[in-house]
Amino acid sequence: MFSSLRRAVLLLCVAVLSTACQAPPPPPVEGLSAGQIGVLKNIGFEEIEDGWELNLGGRILFDSGDASLNDESRATVAHVIQVLREAGINHLRIEGYTDNTGPERHNQELSLQRATVVAREAVANGLPYENLTVEGRGASNPVADNQAPAGRAQNRRVALIVPIN
């Protein structure tokens, strides 16, 4: 009897230890599945404090003082929205930015216009308007040096954020 009890305890310990040695699956990020996170990473989103951000500064840039999208930019927005929708991601925060030239109030309004034009494209490509948050950020949070023309061009951008809260 002692040896069968000992054997049962030994088998139980082995079972517990083998389970404990396995790495647990990573926890999902507040509402996003591992597959959705993979999709976000594949199209260039990066994790930020409150979600996942796709800085469209390299893909959608605006001329100085302008808030219109050219055909290439429309196609970029359409592609990103299609990928997000196929992954079941349908909430976005759209942030518009400007360079630091011009009055602050004008830059604030222009940045909101830029975010709004991208939001319209998102809606035209199937995202419900009520699932979008549109914000103008003016010249805040530059991604490049505003002292150089190339840097200012990079700062005239829109960012898409998939919120996790």
# chains A, B, ... in the order shown; residues from 1 in each chain; ligands from 1

call {"tool": "select_by_dssp", "arguments": {"residues": "stretch 61-136 of chain A", "states": "strand (DSSP E)", "output": "list of chain:residue names"}}
result
A:Leu92, A:Arg93, A:Ile94, A:Glu95, A:Gly96, A:Leu132, A:Thr133, A:Val134, A:Glu135, A:Gly136

call {"tool": "residues_around", "arguments": {"residues": "A:Arg120", "least_positions_apart": "5", "cutoff": "9 Å", "atoms": "only C-alpha atoms", "output": "ChimeraX atom specification"}}
result
/A:115,125,129

call {"tool": "atom_distance", "arguments": {"atom1": "atom CA of A:Ser68", "atom2": "atom CA of A:Asn141"}}
result
21.2 Å

call {"tool": "residues_around", "arguments": {"residues": "A:Ala159", "least_positions_apart": "5", "cutoff": "7 Å", "atoms": "only C-alpha atoms", "output": "PyMOL selection string"}}
result
chain A and resi 53-56+94-96

call {"tool": "select_by_dssp", "arguments": {"residues": "chain A", "states": "alpha helix (DSSP H)", "output": "number ranges by chain"}}
result
A: 2-20, 34-42, 71-86, 104-124, 149-155

call {"tool": "atom_distance", "arguments": {"atom1": "atom CA of A:Ala67", "atom2": "atom CA of A:Val117"}}
result
7.1 Å

call {"tool": "closest_residue", "arguments": {"among": "A:Asn90, A:Gln154, A:Asn70, A:Gln36", "to": "A:Ala122", "atoms": "only C-alpha atoms"}}
result
A:Asn90

call {"tool": "atom_distance", "arguments": {"atom1": "atom CA of A:Ala75", "atom2": "atom CA of A:Ala124"}}
result
11.6 Å

call {"tool": "residues_around", "arguments": {"residues": "A:Gly102", "least_positions_apart": "4", "cutoff": "10 Å", "atoms": "only C-alpha atoms", "output": "ChimeraX atom specification"}}
result
/A:64-65,98,106-107,139

call {"tool": "residues_around", "arguments": {"residues": "A:Glu104", "least_positions_apart": "4", "cutoff": "10 Å", "atoms": "only C-alpha atoms", "output": "PyMOL selection string"}}
result
chain A and resi 98+100+108-110+138-140

call {"tool": "residues_around", "arguments": {"residues": "A:Ile161", "least_positions_apart": "6", "cutoff": "6 Å", "atoms": "only C-alpha atoms", "output": "ChimeraX atom specification"}}
result
/A:52-53,92-93

call {"tool": "closest_residue", "arguments": {"among": "A:Val162, A:Val80, A:Val39, A:Leu112", "to": "A:Arg59", "atoms": "only C-alpha atoms"}}
result
A:Val80

call {"tool": "residues_around", "arguments": {"residues": "stretch 40-51 of chain A", "least_positions_apart": "6", "cutoff": "9 Å", "atoms": "only C-alpha atoms", "output": "PyMOL selection string"}}
result
chain A and resi 29+80+83-84+87+160-165

call {"tool": "closest_residue", "arguments": {"among": "A:Glu86, A:Gly151, A:His91, A:Arg105", "to": "A:Thr133", "atoms": "only C-alpha atoms"}}
result
A:His91

call {"tool": "closest_residue", "arguments": {"among": "A:Val143, A:Ile37, A:Ile89, A:Val118", "to": "A:Leu69", "atoms": "only C-alpha atoms"}}
result
A:Val118

call {"tool": "decode", "arguments": {"residues": "stretch 40-136 of chain A", "atoms": "C-alpha atoms", "output": "tab-separated table (two decimals), in the first residue's frame"}}
result
chain	number	residue	atom	x	y	z
A	40	LEU	CA	-1.73	45.48	-36.44
A	41	LYS	CA	1.99	44.73	-36.31
A	42	ASN	CA	1.99	43.48	-39.91
A	43	ILE	CA	0.66	46.76	-41.27
A	44	GLY	CA	2.98	48.90	-39.16
A	45	PHE	CA	1.10	49.68	-35.96
A	46	GLU	CA	3.24	50.08	-32.86
A	47	GLU	CA	2.13	49.64	-29.28
A	48	ILE	CA	1.71	52.86	-27.31
A	49	GLU	CA	0.48	53.53	-23.79
A	50	ASP	CA	-3.23	53.56	-24.65
A	51	GLY	CA	-3.41	51.34	-27.71
A	52	TRP	CA	-1.76	50.73	-31.06
A	53	GLU	CA	-0.65	53.57	-33.33
A	54	LEU	CA	-0.02	53.76	-37.05
A	55	ASN	CA	1.80	56.97	-37.84
A	56	LEU	CA	0.85	57.76	-41.40
A	57	GLY	CA	3.59	60.40	-41.65
A	58	GLY	CA	5.51	58.32	-44.14
A	59	ARG	CA	2.41	57.36	-46.12
A	60	ILE	CA	0.00	60.29	-45.92
A	61	LEU	CA	1.56	63.71	-45.86
A	62	PHE	CA	-0.15	67.00	-46.44
A	63	ASP	CA	1.09	70.05	-48.26
A	64	SER	CA	1.68	73.07	-46.08
A	65	GLY	CA	-1.64	74.67	-45.19
A	66	ASP	CA	-3.62	71.88	-46.89
A	67	ALA	CA	-5.98	69.18	-45.61
A	68	SER	CA	-6.80	67.28	-48.80
A	69	LEU	CA	-5.93	63.70	-49.69
A	70	ASN	CA	-4.51	62.73	-53.05
A	71	ASP	CA	-5.51	59.47	-54.76
A	72	GLU	CA	-2.51	57.59	-53.35
A	73	SER	CA	-3.38	58.70	-49.81
A	74	ARG	CA	-7.02	57.67	-50.29
A	75	ALA	CA	-5.85	54.24	-51.42
A	76	THR	CA	-3.61	53.96	-48.35
A	77	VAL	CA	-6.48	54.78	-46.01
A	78	ALA	CA	-8.77	52.36	-47.86
A	79	HIS	CA	-6.22	49.55	-47.55
A	80	VAL	CA	-5.62	50.11	-43.82
A	81	ILE	CA	-9.35	50.29	-43.09
A	82	GLN	CA	-10.02	47.13	-45.09
A	83	VAL	CA	-7.34	45.22	-43.17
A	84	LEU	CA	-8.67	46.49	-39.83
A	85	ARG	CA	-12.26	45.58	-40.71
A	86	GLU	CA	-11.24	42.09	-41.84
A	87	ALA	CA	-9.52	41.65	-38.45
A	88	GLY	CA	-12.66	42.77	-36.63
A	89	ILE	CA	-11.16	46.07	-35.50
A	90	ASN	CA	-13.65	48.86	-36.01
A	91	HIS	CA	-12.83	51.56	-33.43
A	92	LEU	CA	-10.25	54.23	-34.19
A	93	ARG	CA	-8.95	57.47	-32.87
A	94	ILE	CA	-7.70	59.66	-35.71
A	95	GLU	CA	-5.25	62.39	-34.77
A	96	GLY	CA	-4.22	65.15	-37.15
A	97	TYR	CA	-0.97	67.11	-36.84
A	98	THR	CA	0.77	70.09	-38.42
A	99	ASP	CA	4.27	71.46	-38.54
A	100	ASN	CA	5.10	74.44	-36.36
A	101	THR	CA	4.74	77.15	-39.01
A	102	GLY	CA	1.80	79.49	-38.71
A	103	PRO	CA	-0.32	80.62	-35.79
A	104	GLU	CA	-1.19	78.05	-33.14
A	105	ARG	CA	-4.95	78.50	-33.60
A	106	HIS	CA	-4.65	77.96	-37.36
A	107	ASN	CA	-2.54	74.83	-36.82
A	108	GLN	CA	-5.10	73.47	-34.38
A	109	GLU	CA	-7.93	73.95	-36.90
A	110	LEU	CA	-5.85	72.56	-39.78
A	111	SER	CA	-4.89	69.47	-37.81
A	112	LEU	CA	-8.56	68.80	-37.06
A	113	GLN	CA	-9.39	69.21	-40.77
A	114	ARG	CA	-6.69	66.65	-41.63
A	115	ALA	CA	-8.04	64.15	-39.12
A	116	THR	CA	-11.58	64.78	-40.37
A	117	VAL	CA	-10.71	64.13	-44.02
A	118	VAL	CA	-9.13	60.80	-43.04
A	119	ALA	CA	-12.19	59.97	-40.90
A	120	ARG	CA	-14.42	60.59	-43.93
A	121	GLU	CA	-12.33	58.12	-45.92
A	122	ALA	CA	-12.58	55.59	-43.09
A	123	VAL	CA	-16.38	55.93	-43.10
A	124	ALA	CA	-16.46	55.70	-46.91
A	125	ASN	CA	-14.58	52.41	-46.52
A	126	GLY	CA	-16.97	50.89	-44.02
A	127	LEU	CA	-16.10	52.05	-40.51
A	128	PRO	CA	-19.11	53.38	-38.61
A	129	TYR	CA	-18.76	57.08	-37.86
A	130	GLU	CA	-19.85	56.56	-34.27
A	131	ASN	CA	-16.80	54.31	-33.75
A	132	LEU	CA	-14.37	57.10	-34.60
A	133	THR	CA	-12.82	59.75	-32.40
A	134	VAL	CA	-11.35	62.64	-34.37
A	135	GLU	CA	-8.80	64.97	-32.78
A	136	GLY	CA	-6.69	67.86	-33.97
